[in-house]
$ cat input.cif   # mmCIF, N, CA and C atoms
data_data
loop_
_atom_site.label_atom_id
_atom_site.label_comp_id
_atom_site.auth_asym_id
_atom_site.auth_seq_id
_atom_site.Cartn_x
_atom_site.Cartn_y
_atom_site.Cartn_z
N MET A 1 54.80 -2.89 -29.77
CA MET A 1 53.81 -1.85 -29.76
C MET A 1 53.87 -1.11 -31.11
N LYS A 2 52.73 -0.86 -31.66
CA LYS A 2 52.63 -0.22 -32.97
C LYS A 2 52.84 1.29 -32.84
N LYS A 3 53.69 1.83 -33.73
CA LYS A 3 53.91 3.28 -33.72
C LYS A 3 52.71 3.98 -34.33
N ARG A 4 52.32 5.08 -33.69
CA ARG A 4 51.21 5.87 -34.21
C ARG A 4 51.76 6.99 -35.06
N LYS A 5 51.08 7.24 -36.14
CA LYS A 5 51.50 8.31 -37.04
C LYS A 5 51.03 9.65 -36.47
N LEU A 6 51.94 10.62 -36.50
CA LEU A 6 51.61 11.96 -36.01
C LEU A 6 50.90 12.71 -37.11
N THR A 7 49.63 12.98 -36.88
CA THR A 7 48.83 13.68 -37.88
C THR A 7 48.44 15.05 -37.35
N SER A 8 47.91 15.87 -38.23
CA SER A 8 47.48 17.19 -37.79
C SER A 8 46.32 17.09 -36.80
N ARG A 9 45.56 16.02 -36.91
CA ARG A 9 44.44 15.83 -35.97
C ARG A 9 44.95 15.56 -34.55
N THR A 10 45.99 14.71 -34.42
CA THR A 10 46.52 14.42 -33.09
C THR A 10 47.22 15.65 -32.52
N VAL A 11 47.90 16.42 -33.37
CA VAL A 11 48.54 17.65 -32.90
C VAL A 11 47.48 18.63 -32.42
N ARG A 12 46.40 18.75 -33.17
CA ARG A 12 45.31 19.64 -32.78
C ARG A 12 44.71 19.22 -31.45
N HIS A 13 44.51 17.92 -31.26
CA HIS A 13 43.96 17.43 -29.99
C HIS A 13 44.91 17.72 -28.83
N CYS A 14 46.22 17.55 -29.05
CA CYS A 14 47.19 17.84 -27.99
C CYS A 14 47.21 19.32 -27.65
N LEU A 15 47.18 20.17 -28.68
CA LEU A 15 47.17 21.62 -28.44
C LEU A 15 45.92 22.06 -27.69
N LEU A 16 44.77 21.56 -28.12
CA LEU A 16 43.52 21.95 -27.46
C LEU A 16 43.45 21.39 -26.04
N GLY A 17 43.95 20.18 -25.86
CA GLY A 17 43.98 19.59 -24.51
C GLY A 17 44.90 20.39 -23.59
N GLY A 18 46.09 20.75 -24.10
CA GLY A 18 47.02 21.56 -23.31
C GLY A 18 46.45 22.94 -23.00
N LEU A 19 45.78 23.53 -23.99
CA LEU A 19 45.15 24.84 -23.76
C LEU A 19 44.06 24.73 -22.70
N GLY A 20 43.27 23.67 -22.76
CA GLY A 20 42.22 23.47 -21.75
C GLY A 20 42.79 23.31 -20.35
N ILE A 21 43.89 22.57 -20.24
CA ILE A 21 44.53 22.38 -18.94
C ILE A 21 45.07 23.71 -18.42
N CYS A 22 45.70 24.50 -19.31
CA CYS A 22 46.24 25.80 -18.89
C CYS A 22 45.13 26.74 -18.43
N ILE A 23 44.02 26.76 -19.16
CA ILE A 23 42.90 27.62 -18.77
C ILE A 23 42.34 27.18 -17.42
N ALA A 24 42.18 25.87 -17.24
CA ALA A 24 41.66 25.37 -15.96
C ALA A 24 42.60 25.73 -14.81
N LEU A 25 43.91 25.56 -15.01
CA LEU A 25 44.86 25.90 -13.95
C LEU A 25 44.87 27.40 -13.66
N ALA A 26 44.78 28.22 -14.71
CA ALA A 26 44.75 29.67 -14.50
C ALA A 26 43.49 30.07 -13.74
N PHE A 27 42.36 29.47 -14.09
CA PHE A 27 41.11 29.80 -13.41
C PHE A 27 41.15 29.34 -11.95
N LEU A 28 41.61 28.12 -11.73
CA LEU A 28 41.63 27.58 -10.36
C LEU A 28 42.67 28.28 -9.48
N SER A 29 43.74 28.80 -10.09
CA SER A 29 44.76 29.47 -9.28
C SER A 29 44.22 30.73 -8.62
N GLY A 30 43.17 31.32 -9.19
CA GLY A 30 42.56 32.51 -8.59
C GLY A 30 42.01 32.23 -7.21
N PHE A 31 41.58 31.00 -6.97
CA PHE A 31 41.01 30.65 -5.66
C PHE A 31 42.09 30.44 -4.61
N PHE A 32 43.35 30.27 -5.04
CA PHE A 32 44.44 30.07 -4.11
C PHE A 32 45.33 31.30 -3.99
N SER A 33 44.97 32.37 -4.68
CA SER A 33 45.80 33.57 -4.65
C SER A 33 45.65 34.28 -3.30
N SER A 34 46.69 34.98 -2.94
CA SER A 34 46.70 35.69 -1.67
C SER A 34 46.36 37.16 -1.89
N SER A 35 45.69 37.74 -0.92
CA SER A 35 45.39 39.16 -1.01
C SER A 35 46.52 40.00 -0.41
N ALA A 36 47.54 39.34 0.14
CA ALA A 36 48.69 40.05 0.69
C ALA A 36 49.50 40.66 -0.45
N PRO A 37 50.22 41.75 -0.19
CA PRO A 37 51.02 42.37 -1.24
C PRO A 37 52.10 41.43 -1.76
N ASP A 38 52.40 41.57 -3.08
CA ASP A 38 53.45 40.73 -3.65
C ASP A 38 54.82 41.26 -3.21
N GLY A 39 55.88 40.65 -3.67
CA GLY A 39 57.23 40.99 -3.23
C GLY A 39 57.60 42.44 -3.42
N LEU A 40 57.35 42.98 -4.60
CA LEU A 40 57.71 44.36 -4.88
C LEU A 40 56.90 45.33 -4.02
N GLU A 41 55.62 45.06 -3.87
CA GLU A 41 54.79 45.91 -3.01
C GLU A 41 55.25 45.84 -1.56
N ARG A 42 55.60 44.63 -1.12
CA ARG A 42 56.05 44.45 0.26
C ARG A 42 57.32 45.24 0.53
N VAL A 43 58.26 45.22 -0.41
CA VAL A 43 59.51 45.98 -0.24
C VAL A 43 59.21 47.47 -0.21
N ALA A 44 58.30 47.94 -1.07
CA ALA A 44 57.93 49.36 -1.08
C ALA A 44 57.31 49.77 0.25
N ILE A 45 56.49 48.89 0.82
CA ILE A 45 55.88 49.20 2.12
C ILE A 45 56.95 49.22 3.20
N ASP A 46 57.83 48.21 3.20
CA ASP A 46 58.87 48.12 4.24
C ASP A 46 59.86 49.27 4.15
N GLU A 47 60.20 49.69 2.94
CA GLU A 47 61.19 50.76 2.76
C GLU A 47 60.57 52.15 2.77
N GLY A 48 59.24 52.23 2.75
CA GLY A 48 58.54 53.49 2.88
C GLY A 48 58.48 54.36 1.64
N PHE A 49 58.52 53.76 0.46
CA PHE A 49 58.40 54.59 -0.74
C PHE A 49 57.14 54.27 -1.55
N THR A 50 56.10 53.80 -0.89
CA THR A 50 54.83 53.54 -1.59
C THR A 50 54.17 54.83 -2.05
N GLN A 51 54.41 55.93 -1.36
CA GLN A 51 53.81 57.20 -1.77
C GLN A 51 54.39 57.71 -3.08
N ALA A 52 55.55 57.22 -3.48
CA ALA A 52 56.17 57.64 -4.74
C ALA A 52 55.54 56.93 -5.95
N ALA A 53 54.75 55.91 -5.69
CA ALA A 53 54.12 55.18 -6.79
C ALA A 53 53.02 56.02 -7.43
N HIS A 54 52.84 55.85 -8.73
CA HIS A 54 51.77 56.56 -9.44
C HIS A 54 51.12 55.60 -10.43
N GLU A 55 49.94 55.96 -10.86
CA GLU A 55 49.17 55.11 -11.78
C GLU A 55 49.86 55.06 -13.14
N HIS A 56 49.86 53.89 -13.74
CA HIS A 56 50.44 53.76 -15.08
C HIS A 56 49.34 53.89 -16.13
N ALA A 57 49.73 53.92 -17.38
CA ALA A 57 48.79 54.18 -18.47
C ALA A 57 47.70 53.12 -18.59
N LEU A 58 47.98 51.89 -18.21
CA LEU A 58 47.00 50.80 -18.36
C LEU A 58 46.26 50.47 -17.07
N SER A 59 46.33 51.34 -16.10
CA SER A 59 45.69 51.04 -14.82
C SER A 59 44.16 51.04 -14.90
N LYS A 60 43.59 51.62 -15.93
CA LYS A 60 42.14 51.63 -16.10
C LYS A 60 41.67 50.59 -17.12
N SER A 61 42.58 49.71 -17.55
CA SER A 61 42.20 48.68 -18.53
C SER A 61 41.28 47.65 -17.87
N PRO A 62 40.53 46.90 -18.66
CA PRO A 62 39.53 45.98 -18.11
C PRO A 62 40.09 44.91 -17.16
N LEU A 63 41.30 44.44 -17.39
CA LEU A 63 41.83 43.36 -16.56
C LEU A 63 42.95 43.82 -15.63
N SER A 64 43.04 45.12 -15.37
CA SER A 64 44.10 45.60 -14.49
C SER A 64 43.87 45.11 -13.07
N GLY A 65 44.94 44.90 -12.35
CA GLY A 65 44.83 44.44 -10.97
C GLY A 65 44.41 42.99 -10.85
N TYR A 66 44.60 42.21 -11.91
CA TYR A 66 44.23 40.78 -11.91
C TYR A 66 42.78 40.55 -11.51
N SER A 67 41.89 41.38 -12.05
CA SER A 67 40.47 41.22 -11.74
C SER A 67 39.65 41.41 -13.00
N SER A 68 38.41 41.00 -12.94
CA SER A 68 37.49 41.13 -14.07
C SER A 68 36.39 42.10 -13.68
N PRO A 69 36.07 43.04 -14.56
CA PRO A 69 35.02 44.01 -14.22
C PRO A 69 33.65 43.33 -14.13
N GLY A 70 32.85 43.73 -13.18
CA GLY A 70 31.51 43.20 -13.03
C GLY A 70 31.43 41.92 -12.21
N ILE A 71 32.55 41.37 -11.80
CA ILE A 71 32.56 40.15 -10.98
C ILE A 71 32.78 40.58 -9.53
N GLU A 72 31.80 40.31 -8.70
CA GLU A 72 31.87 40.74 -7.29
C GLU A 72 32.88 39.93 -6.48
N ASP A 73 32.91 38.61 -6.71
CA ASP A 73 33.83 37.76 -5.95
C ASP A 73 35.25 37.95 -6.47
N GLU A 74 36.15 38.39 -5.59
CA GLU A 74 37.53 38.70 -5.99
C GLU A 74 38.25 37.46 -6.52
N LYS A 75 38.06 36.32 -5.90
CA LYS A 75 38.76 35.09 -6.32
C LYS A 75 38.29 34.64 -7.70
N THR A 76 36.99 34.70 -7.94
CA THR A 76 36.46 34.32 -9.26
C THR A 76 36.94 35.30 -10.33
N GLY A 77 36.95 36.58 -10.01
CA GLY A 77 37.42 37.59 -10.95
C GLY A 77 38.88 37.39 -11.32
N THR A 78 39.71 37.02 -10.34
CA THR A 78 41.11 36.75 -10.61
C THR A 78 41.26 35.53 -11.50
N GLY A 79 40.47 34.49 -11.25
CA GLY A 79 40.52 33.29 -12.09
C GLY A 79 40.10 33.56 -13.52
N ILE A 80 39.06 34.35 -13.69
CA ILE A 80 38.58 34.69 -15.04
C ILE A 80 39.63 35.54 -15.76
N ALA A 81 40.24 36.49 -15.05
CA ALA A 81 41.28 37.30 -15.66
C ALA A 81 42.47 36.43 -16.09
N GLY A 82 42.81 35.44 -15.28
CA GLY A 82 43.90 34.52 -15.65
C GLY A 82 43.56 33.71 -16.88
N ALA A 83 42.32 33.22 -16.95
CA ALA A 83 41.90 32.43 -18.12
C ALA A 83 41.89 33.30 -19.38
N ILE A 84 41.45 34.54 -19.26
CA ILE A 84 41.46 35.45 -20.41
C ILE A 84 42.89 35.74 -20.84
N GLY A 85 43.79 35.88 -19.88
CA GLY A 85 45.20 36.10 -20.19
C GLY A 85 45.81 34.93 -20.94
N ILE A 86 45.47 33.71 -20.53
CA ILE A 86 45.96 32.51 -21.23
C ILE A 86 45.43 32.49 -22.65
N LEU A 87 44.15 32.76 -22.84
CA LEU A 87 43.57 32.77 -24.19
C LEU A 87 44.20 33.85 -25.06
N ALA A 88 44.43 35.03 -24.51
CA ALA A 88 45.05 36.10 -25.28
C ALA A 88 46.49 35.74 -25.67
N SER A 89 47.22 35.15 -24.75
CA SER A 89 48.60 34.74 -25.05
C SER A 89 48.62 33.65 -26.12
N PHE A 90 47.74 32.68 -26.00
CA PHE A 90 47.67 31.60 -26.99
C PHE A 90 47.31 32.17 -28.36
N ALA A 91 46.35 33.07 -28.42
CA ALA A 91 45.94 33.65 -29.69
C ALA A 91 47.08 34.45 -30.32
N ALA A 92 47.82 35.20 -29.51
CA ALA A 92 48.93 35.98 -30.04
C ALA A 92 50.04 35.09 -30.60
N VAL A 93 50.40 34.05 -29.86
CA VAL A 93 51.44 33.14 -30.33
C VAL A 93 50.97 32.37 -31.55
N TRP A 94 49.74 31.90 -31.55
CA TRP A 94 49.20 31.17 -32.70
C TRP A 94 49.20 32.05 -33.95
N GLY A 95 48.76 33.30 -33.80
CA GLY A 95 48.75 34.22 -34.94
C GLY A 95 50.15 34.50 -35.45
N LEU A 96 51.10 34.70 -34.54
CA LEU A 96 52.48 34.95 -34.95
C LEU A 96 53.06 33.74 -35.68
N LEU A 97 52.81 32.55 -35.16
CA LEU A 97 53.32 31.35 -35.82
C LEU A 97 52.67 31.14 -37.19
N ARG A 98 51.41 31.47 -37.31
CA ARG A 98 50.74 31.36 -38.62
C ARG A 98 51.38 32.30 -39.64
N VAL A 99 51.65 33.53 -39.22
CA VAL A 99 52.28 34.50 -40.13
C VAL A 99 53.69 34.03 -40.50
N LEU A 100 54.46 33.59 -39.51
CA LEU A 100 55.83 33.16 -39.79
C LEU A 100 55.86 31.91 -40.66
N SER A 101 54.96 30.97 -40.41
CA SER A 101 54.96 29.75 -41.23
C SER A 101 54.47 30.06 -42.64
N TRP A 102 53.58 31.03 -42.78
CA TRP A 102 53.10 31.41 -44.10
C TRP A 102 54.24 32.04 -44.91
N ARG A 103 55.04 32.87 -44.25
CA ARG A 103 56.15 33.53 -44.93
C ARG A 103 57.26 32.55 -45.26
N ALA A 104 57.41 31.48 -44.50
CA ALA A 104 58.51 30.54 -44.70
C ALA A 104 58.20 29.48 -45.76
N ARG A 105 56.96 29.38 -46.15
CA ARG A 105 56.60 28.36 -47.15
C ARG A 105 57.18 28.71 -48.51
N PRO A 106 57.74 27.71 -49.19
CA PRO A 106 58.21 27.98 -50.54
C PRO A 106 57.01 28.10 -51.49
N ALA A 107 57.22 28.79 -52.57
CA ALA A 107 56.15 28.93 -53.54
C ALA A 107 55.80 27.56 -54.10
N ARG A 108 54.53 27.32 -54.26
CA ARG A 108 54.11 26.02 -54.77
C ARG A 108 54.39 25.96 -56.27
N SER A 109 55.01 24.88 -56.66
CA SER A 109 55.24 24.70 -58.09
C SER A 109 54.17 23.78 -58.63
N HIS A 110 53.64 24.14 -59.74
CA HIS A 110 52.58 23.35 -60.35
C HIS A 110 53.22 22.29 -61.25
N PRO A 111 52.59 21.13 -61.35
CA PRO A 111 53.14 20.10 -62.23
C PRO A 111 53.08 20.59 -63.68
N PRO A 112 54.01 20.13 -64.49
CA PRO A 112 54.00 20.58 -65.88
C PRO A 112 52.71 20.17 -66.58
N ARG A 113 52.25 21.05 -67.43
CA ARG A 113 51.02 20.75 -68.17
C ARG A 113 51.34 19.81 -69.33
N LEU A 114 50.42 18.94 -69.55
CA LEU A 114 50.57 18.03 -70.68
C LEU A 114 50.00 18.70 -71.92
N THR A 115 50.86 18.89 -72.87
CA THR A 115 50.43 19.46 -74.15
C THR A 115 50.68 18.42 -75.24
N PRO A 116 50.03 18.57 -76.33
CA PRO A 116 50.25 17.58 -77.41
C PRO A 116 51.71 17.48 -77.83
N GLU A 117 52.46 18.58 -77.76
CA GLU A 117 53.87 18.54 -78.13
C GLU A 117 54.70 17.77 -77.12
N SER A 118 54.35 17.87 -75.82
CA SER A 118 55.13 17.20 -74.80
C SER A 118 54.85 15.69 -74.76
N GLN A 119 53.77 15.26 -75.33
CA GLN A 119 53.44 13.84 -75.32
C GLN A 119 54.12 13.08 -76.44
N LYS A 120 54.78 13.74 -77.38
CA LYS A 120 55.44 13.07 -78.52
C LYS A 120 56.76 12.50 -78.15
#

$ encode --input "input.cif" --output "structure tokens"
Amino acid sequence: MKKRKLTSRTVRHCLLGGLGICIALAFLSGFFSSSAPDGLERVAIDEGFTQAAHEHALSKSPLSGYSSPGIEDEKTGTGIAGAIGILASFAAVWGLLRVLSWRARPARSHPPRLTPESQK
């Protein structure tokens, strides 16, 4: 079997394919999510300290509560919020890696110029 050369094009296709799969899974997981309280909420209900909870600073943000504003269907809103979260995470990591790889590159050295003196 012939070995394939790893090129930037194949890496790009793998990254975009993986991103597409992650977005699809995040969107589809919204349809399987439960409306029952999660573990921490359940413990707070069982132990009786839910009244001690208070709103946090980001509770009015657009994607708080795993939902999307303006979407009536709760399951679809959760899926869209998940897909947006995946895209935001990918963009943040991609940007960070771009900055780090830019800083790690050595300065490019230019080939020596040919002058009439150097050709003698």

$ residues_around --input "input.cif" --residues "Ala26 (chain A)" --least-positions-apart "6" --cutoff "8 Å" --atoms "only C-alpha atoms" --output "PyMOL selection string"
chain A and resi 79-80+82-83+86

$ atom_distance --input "input.cif" --atom1 "CA of Ser59 (chain A)" --atom2 "CA of Ala81 (chain A)"
14.5 Å

$ closest_residue --input "input.cif" --among "A:Ser33, A:Gly18, A:Ala52, A:Arg12" --to "Glu74 (chain A)" --atoms "only C-alpha atoms"
A:Ser33

$ atom_distance --input "input.cif" --atom1 "atom C of Ser34 (chain A)" --atom2 "atom N of Phe90 (chain A)"
24.6 Å

$ atom_distance --input "input.cif" --atom1 "atom N of Thr78 (chain A)" --atom2 "atom N of Gly65 (chain A)"
9.7 Å
